[in-house]
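This report refers to the structure that appears directly beneath it.
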Amino acid sequence: MAFRRLERKLRGLVGALLVIGAGMTAAAFFIPGQQADPSPALQAESTAPPLPLSGWTILVDAGHGGYDGGARARDSGMWEKHLNLAVARETEKTLAARGARVIMTRREDEDLCEEPRPAALTKKRQDMLNRVELAVQSSADMVLSIHMNEYRDRSQSGPQVFYRKGSEAGRLLAGAMQEALIHGLSPKKQRSALPGDYFILQLEVPSVLIECGFISNPAEEKLLLSPDYQAQLAEAIADGAESYVTLRPRSTSVPGGTPPAGAR
Ligand SMILES: [Zn+2]
């Protein structure tokens, strides 16, 4: 048995070396000066369809941070801000892999406050204003704000997406996102997207606040703390964004380009 395993391993290794060798040959083919005669591989690359999210700038907002911990997980004591950041960073990867230009409101455990702060502004207000400002400055086409939910009744569970009441694009994105989260995570409790009065949702671009799950629910808290589940969440969130881009009325889309103002 041991010999068989070794033999299989060796075969695998030889196979891998052959692949690497082929790759190196291909790489050698593309050195500058040898590109006058494009290979079939190069031609195929130039006709490849654009990635599903290319042309889209997406703002990913890891909720809270720094002085503002957000909610606190009931059993582990983990602050919401840390989980939001972990999921946001995973989401940055999944969106970028599908061609999106991703802007993050934060990449560390920090708030978006500045010193000195105008006396009229509370810390929370300045932090929120700066997140919205970042979306405007980066000309984001979509805003995804990542949060964790909590409730005193510990039986409550399931992801929940919010949009701004009256925003058609927001409602459509929230519906697509909620659907993708249910499909990707198969939560026990399947919720529907809801209108919500959150500061980050005030923009004209389609914006959603994603409550990934309840850190007050014992089983869901365990899931939300696990890197595997966080990666699954990020894939589902990218699925939701992609599904929204596909769902929008065809007339409002510019192939491979920036969505027109009317769609924002
Ligand atoms: Zn929150």
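In the structure tokens, each chain is lettered A, B, ... as it comes, each chain's residues begin at 1, and ligands are numbered from 1 in order of appearance.
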query: How would you write, as JSON, numbers by chain, the set of residues no farther than 7 Å from ligand 1 when counting only C-alpha atoms and all ligand atoms?
result: {"A": [63, 64, 70, 71, 80, 147, 148, 149]}
Proximity of stretch 186-248 of chain A to stretch 83-104 of chain A: per-residue shortest pair, 12 Å limit, only C-alpha atoms, as CSV:
```
residue,atom,partner,partner_atom,distance
A:Leu209,CA,A:Asn84,CA,11.6
A:Ile210,CA,A:Asn84,CA,10.0
A:Glu211,CA,A:Asn84,CA,9.4
A:Cys212,CA,A:Asn84,CA,8.7
A:Gly213,CA,A:Leu83,CA,10.8
A:Phe214,CA,A:Leu83,CA,11.6
A:Ile215,CA,A:Leu83,CA,9.7
A:Glu221,CA,A:Leu83,CA,10.2
A:Lys222,CA,A:Leu83,CA,11.5
A:Leu223,CA,A:Leu83,CA,11.1
A:Leu224,CA,A:Leu83,CA,7.4
A:Leu225,CA,A:Leu83,CA,7.0
A:Ser226,CA,A:Leu83,CA,9.6
A:Pro227,CA,A:Ala86,CA,8.2
A:Asp228,CA,A:Glu90,CA,10.4
A:Tyr229,CA,A:Val87,CA,9.2
A:Gln230,CA,A:Val87,CA,5.4
A:Ala231,CA,A:Glu90,CA,6.0
A:Gln232,CA,A:Glu90,CA,9.0
A:Leu233,CA,A:Val87,CA,7.1
A:Ala234,CA,A:Thr91,CA,4.4
A:Glu235,CA,A:Thr94,CA,6.0
A:Ala236,CA,A:Thr91,CA,9.0
A:Ile237,CA,A:Thr91,CA,6.9
A:Ala238,CA,A:Leu95,CA,5.5
A:Asp239,CA,A:Leu95,CA,8.9
A:Gly240,CA,A:Leu95,CA,10.4
A:Ala241,CA,A:Leu95,CA,8.3
A:Glu242,CA,A:Arg98,CA,8.5
A:Val245,CA,A:Ala100,CA,11.3
```
Residues just named, written with C-alpha atoms as a JSON list (two decimals), in the first residue's frame:
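Writing done, so here's again_20.json:
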```json
[["chain", "number", "residue", "atom", "x", "y", "z"],
["A", 209, "LEU", "CA", -26.19, 47.13, 4.58],
["A", 210, "ILE", "CA", -25.53, 43.44, 5.02],
["A", 211, "GLU", "CA", -26.08, 41.99, 8.48],
["A", 212, "CYS", "CA", -24.17, 38.73, 7.95],
["A", 213, "GLY", "CA", -25.86, 36.95, 10.84],
["A", 214, "PHE", "CA", -26.56, 37.19, 14.57],
["A", 215, "ILE", "CA", -23.57, 37.14, 16.92],
["A", 221, "GLU", "CA", -21.80, 33.11, 16.35],
["A", 222, "LYS", "CA", -19.61, 30.01, 15.96],
["A", 223, "LEU", "CA", -20.12, 30.06, 12.19],
["A", 224, "LEU", "CA", -19.39, 33.78, 11.88],
["A", 225, "LEU", "CA", -16.13, 33.35, 13.81],
["A", 226, "SER", "CA", -14.90, 30.65, 11.43],
["A", 227, "PRO", "CA", -12.65, 31.68, 8.51],
["A", 228, "ASP", "CA", -14.32, 29.06, 6.27],
["A", 229, "TYR", "CA", -17.74, 30.56, 6.84],
["A", 230, "GLN", "CA", -16.33, 34.07, 6.36],
["A", 231, "ALA", "CA", -14.95, 32.99, 2.97],
["A", 232, "GLN", "CA", -18.32, 31.46, 2.10],
["A", 233, "LEU", "CA", -20.01, 34.74, 3.03],
["A", 234, "ALA", "CA", -17.61, 36.65, 0.78],
["A", 235, "GLU", "CA", -18.38, 34.37, -2.18],
["A", 236, "ALA", "CA", -22.12, 34.79, -1.57],
["A", 237, "ILE", "CA", -21.73, 38.58, -1.38],
["A", 238, "ALA", "CA", -19.84, 38.59, -4.70],
["A", 239, "ASP", "CA", -22.59, 36.36, -6.17],
["A", 240, "GLY", "CA", -25.16, 38.92, -5.01],
["A", 241, "ALA", "CA", -23.27, 41.82, -6.60],
["A", 242, "GLU", "CA", -22.85, 39.86, -9.82],
["A", 245, "VAL", "CA", -25.30, 43.56, -12.38]]
```
- request: From a DSSP calculation on the backbone, collect every residue of stretch 67-178 of chain A in helix (DSSP H, G or I) and output the set as an MDAnalysis selection string.
  value: chainID A and resid 80:97 123:137 168:178
message: If you run DSSP on the backbone here, which positions in stretch 209-252 of chain A get strand (DSSP E)? Please write them as a ChimeraX atom specification.
response: /A:209-214
Keeping only C-alpha atoms, take the residues you just selected and write them out as a compact mmCIF listing (two decimals), in the first residue's frame.
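Result saved to out.txt:
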```txt
# COMPACT_ATOMS: atom_id res chain seq x y z
CA LEU A 209 -26.19 47.13 4.58
CA ILE A 210 -25.53 43.44 5.02
CA GLU A 211 -26.08 41.99 8.48
CA CYS A 212 -24.17 38.73 7.95
CA GLY A 213 -25.86 36.95 10.84
CA PHE A 214 -26.56 37.19 14.57
```
- prompt: For A:Ile200, which residue among A:Arg164, A:Gln137, A:Ser216, A:Ala48 is the nearest when counting only C-alpha atoms?
  reply: A:Arg164
Can you tell me which residues surround A:Leu144 at a distance of at most 8 Å, considering only C-alpha atoms, apart from same-chain residues fewer than 2 positions away, and format the answer as a PDB file with N, CA and C atoms, in the first residue's frame?
```pdb
ATOM      1  N   ILE A  58     -16.633  49.227  -6.573  1.00  0.00           N
ATOM      2  CA  ILE A  58     -17.478  48.832  -5.429  1.00  0.00           C
ATOM      3  C   ILE A  58     -16.816  49.254  -4.121  1.00  0.00           C
ATOM      4  N   LEU A  59     -17.553  50.011  -3.322  1.00  0.00           N
ATOM      5  CA  LEU A  59     -17.059  50.398  -2.008  1.00  0.00           C
ATOM      6  C   LEU A  59     -17.472  49.321  -1.006  1.00  0.00           C
ATOM      7  N   VAL A  60     -16.481  48.736  -0.347  1.00  0.00           N
ATOM      8  CA  VAL A  60     -16.762  47.751   0.706  1.00  0.00           C
ATOM      9  C   VAL A  60     -16.467  48.416   2.047  1.00  0.00           C
ATOM     10  N   ASP A  61     -17.495  48.520   2.852  1.00  0.00           N
ATOM     11  CA  ASP A  61     -17.377  49.206   4.135  1.00  0.00           C
ATOM     12  C   ASP A  61     -17.430  48.184   5.273  1.00  0.00           C
ATOM     13  N   MET A 142     -21.471  51.128  -6.423  1.00  0.00           N
ATOM     14  CA  MET A 142     -22.217  50.236  -5.535  1.00  0.00           C
ATOM     15  C   MET A 142     -21.563  50.317  -4.147  1.00  0.00           C
ATOM     16  N   ILE A 146     -20.719  46.053   5.561  1.00  0.00           N
ATOM     17  CA  ILE A 146     -20.723  44.737   6.220  1.00  0.00           C
ATOM     18  C   ILE A 146     -20.887  44.880   7.739  1.00  0.00           C
ATOM     19  N   SER A 207     -26.995  50.863  -2.730  1.00  0.00           N
ATOM     20  CA  SER A 207     -26.259  50.640  -1.477  1.00  0.00           C
ATOM     21  C   SER A 207     -27.044  49.675  -0.596  1.00  0.00           C
ATOM     22  N   VAL A 208     -26.312  48.771   0.025  1.00  0.00           N
ATOM     23  CA  VAL A 208     -26.967  47.858   0.961  1.00  0.00           C
ATOM     24  C   VAL A 208     -26.149  47.716   2.235  1.00  0.00           C
ATOM     25  N   LEU A 209     -26.852  47.472   3.326  1.00  0.00           N
ATOM     26  CA  LEU A 209     -26.193  47.134   4.579  1.00  0.00           C
ATOM     27  C   LEU A 209     -26.469  45.653   4.810  1.00  0.00           C
ATOM     28  N   ILE A 210     -25.389  44.892   4.904  1.00  0.00           N
ATOM     29  CA  ILE A 210     -25.526  43.436   5.020  1.00  0.00           C
ATOM     30  C   ILE A 210     -25.241  43.022   6.458  1.00  0.00           C
TER      31      ILE A 210
END
```
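Here atom CA of A:Arg107 stands at a distance of 16.7 Å from atom CA of A:Glu133.
Shortest atom-to-atom contact with A:Ser155 among A:Lys189, A:Tyr198, A:Asp75, A:Pro49: A:Lys189, counting only C-alpha atoms.
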Residue among A:Arg152, A:Asn217, A:Asp141, A:His82 lying closest to A:Leu53, counting only C-alpha atoms: A:Asp141
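Counting only C-alpha atoms, the residue from A:Glu204, A:Pro116, A:Lys123, A:Met128 that sits nearest to A:Tyr67 is A:Lys123.
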query: Can you tell me how far atom CA of A:Ala219 sits from atom CA of A:Gly184, in Å to one decimal?
result: 17.4 Å
